[in-house]
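Peer 1: The structure file coords38.txt (compact mmCIF, C-alpha atoms) is provided below.
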# COMPACT_ATOMS: atom_id res chain seq x y z
CA MET A 1 -106.54 84.82 20.70
CA LYS A 2 -105.46 85.48 24.18
CA ASN A 3 -105.72 81.81 24.99
CA THR A 4 -103.55 81.01 22.02
CA THR A 5 -100.77 83.17 23.40
CA LEU A 6 -101.13 81.50 26.78
CA ILE A 7 -100.94 78.08 25.18
CA LYS A 8 -97.82 79.08 23.23
CA GLY A 9 -96.13 80.33 26.38
CA SER A 10 -96.97 77.21 28.31
CA ALA A 11 -95.65 75.08 25.51
CA ALA A 12 -92.36 76.97 25.48
CA ILE A 13 -91.98 76.53 29.24
CA ALA A 14 -92.74 72.85 28.92
CA LEU A 15 -90.18 72.47 26.15
CA GLY A 16 -87.57 74.23 28.27
CA ALA A 17 -88.28 72.00 31.22
CA ALA A 18 -88.01 68.99 28.95
CA LEU A 19 -84.65 70.22 27.75
CA LEU A 20 -83.53 70.61 31.37
CA LEU A 21 -84.55 67.07 32.00
CA GLY A 22 -82.47 66.07 29.04
CA GLY A 23 -79.49 67.80 30.65
CA GLY A 24 -80.09 65.84 33.81
CA GLY A 25 -79.88 62.80 31.73
CA THR A 26 -76.21 63.72 30.91
CA LEU A 27 -75.25 63.32 34.56
CA ALA A 28 -76.19 59.82 34.33
CA ASN A 29 -73.32 59.11 31.88
CA TRP A 30 -69.76 57.96 32.91
CA ASN A 31 -67.23 60.58 33.99
CA ALA A 32 -63.83 60.59 35.63
CA ALA A 33 -61.46 63.08 37.28
CA ALA A 34 -57.78 63.16 38.17
CA THR A 35 -55.40 65.52 40.02
CA GLN A 36 -51.74 66.17 39.44
CA THR A 37 -49.01 67.27 41.91
CA PRO A 38 -46.36 69.16 39.94
CA GLY A 39 -44.22 69.43 43.03
CA THR A 40 -42.58 72.38 44.83
CA ILE A 41 -40.19 74.79 43.23
CA VAL A 42 -37.42 75.84 45.56
CA ALA A 43 -35.33 78.93 44.97
CA GLY A 44 -31.59 78.73 45.28
CA ASP A 45 -29.38 81.04 47.34
CA LEU A 46 -26.58 83.49 46.84
CA ASN A 47 -24.83 85.12 49.76
CA VAL A 48 -21.47 86.25 51.03
CA VAL A 49 -20.69 86.91 54.68
CA ASN A 50 -17.50 87.63 56.56
CA GLY A 51 -15.59 84.86 58.21
CA ALA A 52 -12.54 85.34 60.37
CA GLY A 53 -10.20 88.28 59.76
CA VAL A 54 -6.64 87.78 60.99
CA TRP A 55 -3.55 89.99 61.16
CA LYS A 56 -0.11 88.36 61.27
CA ASP A 57 3.40 89.75 61.31
CA ARG A 58 6.28 88.60 59.15
CA LEU A 59 6.99 85.73 61.51
CA GLY A 60 3.40 84.49 61.31
CA VAL A 61 2.54 85.63 64.82
CA ASP A 62 -1.13 86.49 65.25
CA ILE A 63 -1.40 90.18 66.15
CA THR A 64 -5.11 90.62 65.45
CA ALA A 65 -5.98 91.66 68.98
CA LYS A 66 -3.10 94.13 69.12
CA ILE A 67 -4.13 95.76 65.87
CA ALA A 68 -7.69 95.96 67.14
CA ASN A 69 -6.71 97.80 70.31
CA ASN A 70 -3.93 99.83 68.67
CA THR A 71 -1.14 98.34 70.75
CA TYR A 72 0.85 96.96 67.83
CA HIS A 73 3.12 99.66 66.40
CA VAL A 74 4.96 98.97 63.18
CA VAL A 75 8.57 99.89 62.56
CA PRO A 76 10.58 100.00 59.34
CA GLY A 77 11.04 96.42 58.16
CA ASP A 78 7.65 95.22 59.38
CA LEU A 79 5.50 93.25 56.98
CA LEU A 80 1.95 92.62 58.12
CA THR A 81 -0.59 90.40 56.39
CA PHE A 82 -4.34 90.63 56.81
CA THR A 83 -6.46 87.70 55.68
CA GLN A 84 -10.22 87.89 55.61
CA ASP A 85 -12.27 84.77 54.96
CA LEU A 86 -15.47 85.24 52.99
CA ASN A 87 -18.10 82.53 53.29
CA VAL A 88 -19.84 82.20 49.95
CA THR A 89 -23.14 80.41 49.60
CA LEU A 90 -24.23 79.42 46.09
CA VAL A 91 -27.26 77.24 45.54
CA GLY A 92 -29.05 76.74 42.26
CA ASP A 93 -28.78 74.35 39.35
CA LYS A 94 -27.84 77.15 37.01
CA MET A 95 -26.20 79.35 39.60
CA ALA A 96 -22.93 81.03 38.73
CA ALA A 97 -21.51 84.12 40.37
CA THR A 98 -18.43 86.27 40.29
CA ILE A 99 -16.78 87.60 43.40
CA ALA A 100 -14.83 90.80 43.34
CA THR A 101 -13.45 93.43 45.67
CA SER A 102 -14.13 97.10 45.47
CA GLY A 103 -10.72 97.77 47.01
CA ILE A 104 -9.56 99.65 50.08
CA SER A 105 -10.92 103.03 51.05
CA ALA A 106 -8.01 103.94 53.28
CA THR A 107 -6.96 107.05 55.15
CA ASN A 108 -3.19 107.12 54.78
CA GLY A 109 -1.35 109.13 57.40
CA PHE A 110 2.08 108.06 56.23
CA THR A 111 4.11 110.30 53.98
CA ALA A 112 3.96 109.89 50.25
CA ALA A 113 7.65 108.98 50.18
CA ASN A 114 6.88 105.34 49.43
CA ASN A 115 7.79 104.29 52.93
CA VAL A 116 4.68 102.13 53.02
CA VAL A 117 3.44 99.67 50.42
CA VAL A 118 -0.10 98.33 50.73
CA SER A 119 -1.23 95.66 48.31
CA ALA A 120 -4.66 95.49 46.75
CA PRO A 121 -6.84 92.69 48.11
CA VAL A 122 -6.01 89.38 46.45
CA LEU A 123 -8.78 86.77 46.35
CA THR A 124 -7.93 83.10 46.57
CA VAL A 125 -9.74 79.81 47.03
CA GLY A 126 -7.77 77.05 48.66
CA GLY A 127 -4.55 78.94 48.07
CA SER A 128 -5.10 79.47 44.35
CA ALA A 129 -6.28 82.60 42.65
CA VAL A 130 -10.04 82.72 42.49
CA SER A 131 -11.44 81.58 39.13
CA ASN A 132 -14.62 83.42 38.34
CA PRO A 133 -17.39 82.55 37.99
CA LEU A 134 -17.88 80.42 41.08
CA HIS A 135 -20.35 77.56 40.92
CA PRO A 136 -22.23 75.72 43.65
CA THR A 137 -20.23 72.96 45.32
CA GLY A 138 -22.87 71.68 47.68
CA SER A 139 -21.45 73.49 50.65
CA THR A 140 -20.24 76.90 51.72
CA GLN A 141 -17.13 77.99 49.87
CA THR A 142 -14.38 79.96 51.54
CA VAL A 143 -12.80 82.75 49.56
CA THR A 144 -9.84 84.41 51.24
CA SER A 145 -8.89 88.02 50.73
CA THR A 146 -5.27 88.89 51.49
CA ILE A 147 -3.79 92.34 51.98
CA THR A 148 -0.18 93.08 52.88
CA PHE A 149 1.15 96.17 54.63
CA GLU A 150 4.89 96.73 54.39
CA PHE A 151 6.75 99.46 56.23
CA LYS A 152 9.87 99.55 54.12
CA ALA A 153 13.22 99.00 55.75
CA THR A 154 14.66 101.77 53.62
CA THR A 155 12.74 104.37 55.60
CA ALA A 156 15.30 106.94 56.66
CA GLY A 157 15.77 109.18 59.66
CA ARG A 158 12.71 109.25 61.85
CA ALA A 159 10.31 109.41 58.95
CA ASP A 160 6.74 108.40 59.72
CA VAL A 161 7.11 107.78 63.44
CA SER A 162 3.71 107.52 65.12
CA ALA A 163 1.87 107.67 61.80
CA THR A 164 -1.39 105.85 61.15
CA TYR A 165 -2.92 104.00 58.22
CA ASN A 166 -6.63 103.43 58.62
CA PHE A 167 -7.93 100.78 56.26
CA ASN A 168 -11.53 101.89 56.83
CA ASN A 169 -13.53 99.43 54.72
CA VAL A 170 -12.68 96.81 52.16
CA GLY A 171 -15.73 95.85 50.12
CA PHE A 172 -16.62 92.59 48.39
CA THR A 173 -19.47 91.83 45.99
CA LEU A 174 -20.88 88.54 44.82
CA THR A 175 -22.90 88.88 41.62
CA GLN A 176 -24.87 86.22 39.79
CA VAL A 177 -23.90 85.95 36.16
CA ASN A 178 -25.22 84.18 33.11
CA THR A 179 -23.15 81.45 31.62
CA ALA A 180 -23.27 80.19 28.05
CA ASN A 181 -26.45 78.36 27.13
CA ASP A 182 -27.71 78.31 30.71
CA GLY A 183 -31.22 79.15 29.54
CA LEU A 184 -31.46 82.08 31.90
CA SER A 185 -32.82 85.34 30.61
CA MET B 1 -44.15 110.00 2.82
CA ARG B 2 -40.91 111.37 4.22
CA ILE B 3 -40.33 111.29 7.96
CA PRO B 4 -38.73 114.49 9.20
CA ARG B 5 -35.08 114.07 10.23
CA MET B 6 -35.76 115.38 13.75
CA LEU B 7 -38.48 112.80 14.23
CA ARG B 8 -36.22 109.98 13.08
CA ALA B 9 -33.43 111.09 15.41
CA GLY B 10 -35.85 111.29 18.30
CA ALA B 11 -37.16 107.83 17.61
CA LEU B 12 -33.63 106.49 17.42
CA ILE B 13 -32.71 108.02 20.78
CA ALA B 14 -35.88 106.70 22.37
CA ALA B 15 -35.16 103.23 21.05
CA ALA B 16 -31.63 103.40 22.38
CA VAL B 17 -32.85 104.51 25.81
CA VAL B 18 -35.39 101.71 25.95
CA LEU B 19 -32.78 99.16 24.97
CA GLY B 20 -30.38 100.55 27.51
CA LEU B 21 -32.94 100.44 30.28
CA LEU B 22 -33.86 96.89 29.38
CA ALA B 23 -30.22 95.90 29.50
CA VAL B 24 -29.71 97.54 32.90
CA GLN B 25 -32.86 95.99 34.27
CA GLY B 26 -31.62 92.62 33.15
CA THR B 27 -28.43 93.03 35.15
CA TYR B 28 -30.26 93.98 38.30
CA ALA B 29 -32.62 91.09 37.87
CA LEU B 30 -29.81 88.70 38.80
CA TRP B 31 -28.96 88.17 42.43
CA ASN B 32 -26.09 89.94 44.08
CA ALA B 33 -24.83 90.27 47.63
CA GLY B 34 -22.08 92.24 49.26
CA THR B 35 -20.10 92.52 52.43
CA SER B 36 -17.27 94.59 53.74
CA THR B 37 -14.60 94.25 56.35
CA ALA B 38 -12.77 96.81 58.45
CA PRO B 39 -9.21 95.58 58.95
CA GLY B 40 -8.50 98.40 61.39
CA THR B 41 -5.72 100.93 61.73
CA VAL B 42 -2.02 100.25 61.55
CA THR B 43 0.06 102.64 63.65
CA SER B 44 3.78 103.13 63.40
CA ALA B 45 5.95 103.10 66.47
CA SER B 46 7.76 105.93 68.13
CA PHE B 47 11.54 106.04 67.95
CA ASP B 48 12.49 107.50 71.28
CA VAL B 49 15.93 107.20 72.81
CA ALA B 50 16.33 108.87 76.16
CA LEU B 51 19.76 110.13 77.19
CA THR B 52 20.92 110.62 80.77
CA ALA B 53 24.32 112.19 81.32
CA SER B 54 26.71 111.68 84.18
CA PRO B 55 28.01 113.42 86.17
CA SER B 56 25.95 116.40 85.00
CA GLY B 57 22.67 114.62 85.60
CA GLN B 58 21.12 116.18 82.52
CA ALA B 59 18.48 114.18 80.69
CA SER B 60 16.83 114.57 77.32
CA ASN B 61 15.30 112.67 74.49
CA MET B 62 17.78 112.25 71.68
CA SER B 63 15.35 113.87 69.26
CA LEU B 64 13.40 116.96 70.19
CA SER B 65 9.97 117.81 68.88
CA GLY B 66 10.23 118.53 65.21
CA GLY B 67 12.99 115.99 64.82
CA THR B 68 15.91 118.19 65.74
CA ALA B 69 18.84 116.62 67.55
CA ALA B 70 19.17 117.35 71.26
CA THR B 71 22.35 118.60 72.92
CA ILE B 72 23.20 117.28 76.34
CA ASN B 73 26.13 118.24 78.56
CA LEU B 74 27.95 115.34 80.17
CA VAL B 75 30.25 117.44 82.28
CA GLN B 76 29.68 121.09 83.01
CA SER B 77 33.38 121.55 83.89
CA ALA B 78 36.22 119.38 85.10
CA THR B 79 39.82 120.03 85.93
CA ILE B 80 42.48 117.90 84.37
CA THR B 81 46.22 117.80 84.89
CA PRO B 82 49.01 116.24 82.82
CA GLY B 83 49.03 112.47 83.04
CA THR B 84 45.51 112.22 84.46
CA SER B 85 42.02 111.57 83.13
CA VAL B 86 38.48 112.72 83.71
CA TYR B 87 35.41 110.59 83.11
CA ALA B 88 31.85 111.01 81.99
CA SER B 89 29.11 108.80 80.66
CA VAL B 90 25.77 108.85 78.95
CA ALA B 91 23.06 106.23 79.31
CA ALA B 92 20.84 105.66 76.27
CA ALA B 93 17.47 104.02 76.82
CA ASN B 94 15.42 102.50 74.00
CA ASN B 95 11.94 103.76 74.81
CA SER B 96 10.24 102.83 71.54
CA ASN B 97 6.67 101.56 71.73
CA ALA B 98 7.20 99.19 68.79
CA GLY B 99 4.81 96.29 68.66
CA GLY B 100 7.40 93.67 67.82
CA THR B 101 11.11 93.29 68.29
CA PHE B 102 12.86 96.62 68.09
CA ASN B 103 16.58 96.62 68.82
CA THR B 104 18.79 99.62 68.42
CA THR B 105 22.45 100.43 68.62
CA VAL B 106 23.98 103.67 69.79
CA THR B 107 27.06 104.96 68.03
CA VAL B 108 29.39 107.70 69.17
CA ASP B 109 31.57 109.14 66.45
CA GLN B 110 35.02 110.63 66.73
CA ALA B 111 35.22 113.53 69.14
CA THR B 112 35.71 117.08 68.02
CA LEU B 113 37.92 119.13 70.34
CA ALA B 114 37.72 122.89 70.10
CA ASN B 115 40.12 125.12 71.95
CA VAL B 116 38.50 127.99 73.82
CA ASN B 117 39.91 131.48 73.36
CA GLY B 118 42.67 130.42 71.01
CA GLY B 119 44.36 127.96 73.36
CA SER B 120 46.33 124.86 72.39
CA LEU B 121 45.20 122.37 74.99
CA ALA B 122 43.24 120.20 72.56
CA GLN B 123 46.28 118.60 71.01
CA TYR B 124 47.30 117.17 74.39
CA LEU B 125 43.98 115.53 75.06
CA THR B 126 42.84 112.08 74.03
CA VAL B 127 39.22 110.91 74.13
CA SER B 128 38.55 107.23 74.70
CA ALA B 129 35.30 105.37 75.12
CA LYS B 130 33.81 102.03 76.02
CA ASN B 131 30.37 100.49 76.11
CA VAL B 132 29.07 98.97 79.34
CA ALA B 133 25.79 97.97 80.86
CA THR B 134 25.80 100.26 83.89
CA ALA B 135 27.32 103.66 84.66
CA ALA B 136 29.13 102.21 87.64
CA GLU B 137 31.38 100.27 85.25
CA CYS B 138 32.76 103.50 83.81
CA SER B 139 35.02 103.86 86.81
CA THR B 140 36.76 100.63 85.88
CA LEU B 141 39.72 101.82 83.89
CA THR B 142 40.03 98.80 81.65
CA GLY B 143 38.30 98.54 78.33
CA TYR B 144 38.67 102.09 77.13
CA ALA B 145 39.79 102.56 73.52
CA THR B 146 40.65 105.75 71.73
CA LEU B 147 37.78 107.09 69.68
CA THR B 148 38.76 107.03 66.04
CA SER B 149 36.85 107.92 62.92
CA ALA B 150 35.29 104.47 63.13
CA GLY B 151 33.56 105.55 66.31
CA LEU B 152 32.19 103.18 68.92
CA THR B 153 28.98 101.26 68.44
CA SER B 154 27.16 99.83 71.42
CA ALA B 155 25.82 96.36 71.80
CA SER B 156 22.22 95.78 70.76
CA VAL B 157 19.74 97.61 72.95
CA PRO B 158 16.35 95.88 73.05
CA LYS B 159 13.10 97.69 73.59
CA ALA B 160 12.78 99.04 77.15
CA ALA B 161 16.49 98.45 77.85
CA SER B 162 19.44 100.81 78.00
CA THR B 163 23.17 100.93 77.46
CA VAL B 164 25.94 103.16 78.75
CA LEU B 165 28.73 104.85 76.85
CA CYS B 166 31.67 105.79 79.04
CA PHE B 167 34.15 108.48 78.07
CA GLN B 168 37.64 109.05 79.27
CA VAL B 169 39.52 112.25 78.51
CA SER B 170 43.22 111.94 79.18
CA MET B 171 45.83 114.67 79.22
CA SER B 172 49.26 113.88 77.97
CA SER B 173 51.97 113.94 80.58
CA THR B 174 54.04 115.93 78.13
CA ALA B 175 51.63 118.84 78.07
CA PRO B 176 53.51 122.10 78.53
CA VAL B 177 52.80 124.55 81.27
CA SER B 178 51.53 126.96 78.67
CA VAL B 179 48.23 125.10 78.48
CA LYS B 180 47.58 125.71 82.14
CA GLY B 181 44.18 127.30 82.66
CA GLN B 182 43.04 126.67 79.14
CA ALA B 183 39.73 125.06 78.24
CA VAL B 184 38.50 122.78 75.51
CA ASN B 185 34.98 122.03 74.35
CA ILE B 186 34.57 118.39 73.39
CA SER B 187 31.70 117.36 71.12
CA LEU B 188 30.64 113.74 70.83
CA PRO B 189 28.07 113.04 68.07
CA ILE B 190 25.77 110.23 69.17
CA THR B 191 23.46 108.39 66.81
CA ALA B 192 20.89 105.70 67.51
CA ARG B 193 19.99 103.27 64.75
CA GLN B 194 17.34 100.63 64.40
CA LEU B 195 18.65 97.12 63.98
CA CYS B 196 16.88 94.62 61.81
CA GLY B 197 14.46 93.37 64.38
CA VAL B 198 12.54 91.27 61.89
CA PRO B 199 13.90 88.62 59.53
CA SER B 200 14.68 89.97 56.09
CA GLY B 201 13.45 93.31 57.26
CA CYS B 202 16.64 95.11 56.38
CA ALA B 203 18.29 94.45 53.08
Rewrite the structure of this file - the entire thing - as structure tokens.

Peer 2:
Amino acid sequence: MKNTTLIKGSAAIALGAALLLGGGGTLANWNAAATQTPGTIVAGDLNVVNGAGVWKDRLGVDITAKIANNTYHVVPGDLLTFTQDLNVTLVGDKMAATIATSGISATNGFTAANNVVVSAPVLTVGGSAVSNPLHPTGSTQTVTSTITFEFKATTAGRADVSATYNFNNVGFTLTQVNTANDGLS
Amino acid sequence: MRIPRMLRAGALIAAAVVLGLLAVQGTYALWNAGTSTAPGTVTSASFDVALTASPSGQASNMSLSGGTAATINLVQSATITPGTSVYASVAAANNSNAGGTFNTTVTVDQATLANVNGGSLAQYLTVSAKNVATAAECSTLTGYATLTSAGLTSASVPKAASTVLCFQVSMSSTAPVSVKGQAVNISLPITARQLCGVPSGCA
């Protein structure tokens, strides 16, 4: 009986080996392989950085340096204009973005008697009001922010002599937005 | 099986919060960039007009601290006789630190003559004035005109320049002897005004 068990075990091993040989036989059949190169996915870009900021007086004279070193002093009747270029980069087939200003966070040392009028920043592209959203154009776009500062000629007496108006910071944000049927989530 | 009202309300709030968070997350998932600029500080100019009197030699800014008007004596005292004149002048310098063009004019209004101690000398005195470039020209007797209510306005005085107002006080040759020894205080209101130094700056 013991031998019978041994014989059965040997037979099972032999059958397994035979099956393995059969598997080896599969390698002998035809086979083929191929590879694919789906390509590289490149992300777009969205950025806004400051360009040149220029101060001019009513006559169009550049007074940027004088404002910077506090040697230009305004008098009633002065109208100053500050233009700040914003270089906008938009890259992406479905890219769209809106640009906006968060306004002026000024420290106004002039009296509240309406002797000074400061406009909110106005955004333009090529001289026309900006039309949001902006789309990629293939190159950097220039958005211009314009602020005017008028010291009114109606200022009476010696009101607001040696006063200061500190613009502090003027903020700008560029935010990607979805457009209709753009397929973006 | 009825769901308690509290439980339903809680579930509703939770659903709303989840939806809200998802919506907010969606917004932040899109790109955004920002920048800011600092345009700087705009400072207004001073409006300083310095006065120098002659022959008294007194000097003062036209406006004192606090904005009050200064008083300056041109002549401490002078003796005048019928048919003669005495002279004085004041130089006004535009010392503004304006960044651009800043021209001013100086105007002297009609004089106010006040008799001292109840005298009557004032009615025999005439105050005339003229505007010149230098005090030395005040001694030239031509060009004086009687100060009327219209006053006398100087030529334009640019920044860092000055002008001179000359005054002539004449005593009538018909003044009676009774005014002998009497005194008169003469006040001359002087005002400096900004001219429109910038196009369309002054309506």

Peer 1: Need to verify the contact set: Phe110 in chain A, 9 Å, all atoms listed in the file, exclusion of same-chain residues closer than 6 positions in sequence. Can you return it as a list in words?

Peer 2: Val116, Ala159, Asp160, Val161, Ala163, Thr164 and Tyr165 of chain A; Ser44 of chain B

Peer 1: Based on the selection just made, write C-alpha atoms of those residues as a PDB file, in the frame of the given file.

Peer 2:
ATOM      1  CA  VAL A 116       4.680 102.130  53.020  1.00  0.00           C
ATOM      2  CA  ALA A 159      10.310 109.410  58.950  1.00  0.00           C
ATOM      3  CA  ASP A 160       6.740 108.400  59.720  1.00  0.00           C
ATOM      4  CA  VAL A 161       7.110 107.780  63.440  1.00  0.00           C
ATOM      5  CA  ALA A 163       1.870 107.670  61.800  1.00  0.00           C
ATOM      6  CA  THR A 164      -1.390 105.850  61.150  1.00  0.00           C
ATOM      7  CA  TYR A 165      -2.920 104.000  58.220  1.00  0.00           C
TER       8      TYR A 165
ATOM      9  CA  SER B  44       3.780 103.130  63.400  1.00  0.00           C
TER      10      SER B  44
END

Peer 1: For chain B, which of A:Ser162, A:Asn31, A:Asn181, A:Gln141 is the closest residue, counting only C-alpha atoms?

Peer 2: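 Once distances to chain B are computed over only C-alpha atoms, the minimum belongs to A:Ser162.
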
Peer 1: Suppose you want the space between CA of Ala98 in chain B and CA of Cys166 in chain B; what is it in Å?

Peer 2: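 Distance between the two atoms: 27.3 Å.
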
Peer 1: When you count all atoms listed in the file, which of these residues is closest to Ala150 in chain B: B:Val108, B:Ala136, B:Ala114, B:Leu121?

Peer 2: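 Closest to Ala150 in chain B, using all atoms listed in the file: B:Val108.
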
Peer 1: May I have the residues of chain A within 8 Å of chain B, counting all atoms listed in the file, written as an NGL selection string?

Peer 2: :A and (46-50 or 53 or 58-59 or 67-68 or 70-79 or 82 or 84 or 152-154 or 158 or 160-177 or 185)

Peer 1: Export C-alpha atoms of the chosen residues as a PDB file, in the coordinates of the input?

Peer 2:
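For reference, part.pdb as written:
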ATOM      1  CA  LEU A  46     -26.580  83.490  46.840  1.00  0.00           C
ATOM      2  CA  ASN A  47     -24.830  85.120  49.760  1.00  0.00           C
ATOM      3  CA  VAL A  48     -21.470  86.250  51.030  1.00  0.00           C
ATOM      4  CA  VAL A  49     -20.690  86.910  54.680  1.00  0.00           C
ATOM      5  CA  ASN A  50     -17.500  87.630  56.560  1.00  0.00           C
ATOM      6  CA  GLY A  53     -10.200  88.280  59.760  1.00  0.00           C
ATOM      7  CA  ARG A  58       6.280  88.600  59.150  1.00  0.00           C
ATOM      8  CA  LEU A  59       6.990  85.730  61.510  1.00  0.00           C
ATOM      9  CA  ILE A  67      -4.130  95.760  65.870  1.00  0.00           C
ATOM     10  CA  ALA A  68      -7.690  95.960  67.140  1.00  0.00           C
ATOM     11  CA  ASN A  70      -3.930  99.830  68.670  1.00  0.00           C
ATOM     12  CA  THR A  71      -1.140  98.340  70.750  1.00  0.00           C
ATOM     13  CA  TYR A  72       0.850  96.960  67.830  1.00  0.00           C
ATOM     14  CA  HIS A  73       3.120  99.660  66.400  1.00  0.00           C
ATOM     15  CA  VAL A  74       4.960  98.970  63.180  1.00  0.00           C
ATOM     16  CA  VAL A  75       8.570  99.890  62.560  1.00  0.00           C
ATOM     17  CA  PRO A  76      10.580 100.000  59.340  1.00  0.00           C
ATOM     18  CA  GLY A  77      11.040  96.420  58.160  1.00  0.00           C
ATOM     19  CA  ASP A  78       7.650  95.220  59.380  1.00  0.00           C
ATOM     20  CA  LEU A  79       5.500  93.250  56.980  1.00  0.00           C
ATOM     21  CA  PHE A  82      -4.340  90.630  56.810  1.00  0.00           C
ATOM     22  CA  GLN A  84     -10.220  87.890  55.610  1.00  0.00           C
ATOM     23  CA  LYS A 152       9.870  99.550  54.120  1.00  0.00           C
ATOM     24  CA  ALA A 153      13.220  99.000  55.750  1.00  0.00           C
ATOM     25  CA  THR A 154      14.660 101.770  53.620  1.00  0.00           C
ATOM     26  CA  ARG A 158      12.710 109.250  61.850  1.00  0.00           C
ATOM     27  CA  ASP A 160       6.740 108.400  59.720  1.00  0.00           C
ATOM     28  CA  VAL A 161       7.110 107.780  63.440  1.00  0.00           C
ATOM     29  CA  SER A 162       3.710 107.520  65.120  1.00  0.00           C
ATOM     30  CA  ALA A 163       1.870 107.670  61.800  1.00  0.00           C
ATOM     31  CA  THR A 164      -1.390 105.850  61.150  1.00  0.00           C
ATOM     32  CA  TYR A 165      -2.920 104.000  58.220  1.00  0.00           C
ATOM     33  CA  ASN A 166      -6.630 103.430  58.620  1.00  0.00           C
ATOM     34  CA  PHE A 167      -7.930 100.780  56.260  1.00  0.00           C
ATOM     35  CA  ASN A 168     -11.530 101.890  56.830  1.00  0.00           C
ATOM     36  CA  ASN A 169     -13.530  99.430  54.720  1.00  0.00           C
ATOM     37  CA  VAL A 170     -12.680  96.810  52.160  1.00  0.00           C
ATOM     38  CA  GLY A 171     -15.730  95.850  50.120  1.00  0.00           C
ATOM     39  CA  PHE A 172     -16.620  92.590  48.390  1.00  0.00           C
ATOM     40  CA  THR A 173     -19.470  91.830  45.990  1.00  0.00           C
ATOM     41  CA  LEU A 174     -20.880  88.540  44.820  1.00  0.00           C
ATOM     42  CA  THR A 175     -22.900  88.880  41.620  1.00  0.00           C
ATOM     43  CA  GLN A 176     -24.870  86.220  39.790  1.00  0.00           C
ATOM     44  CA  VAL A 177     -23.900  85.950  36.160  1.00  0.00           C
ATOM     45  CA  SER A 185     -32.820  85.340  30.610  1.00  0.00           C
TER      46      SER A 185
END
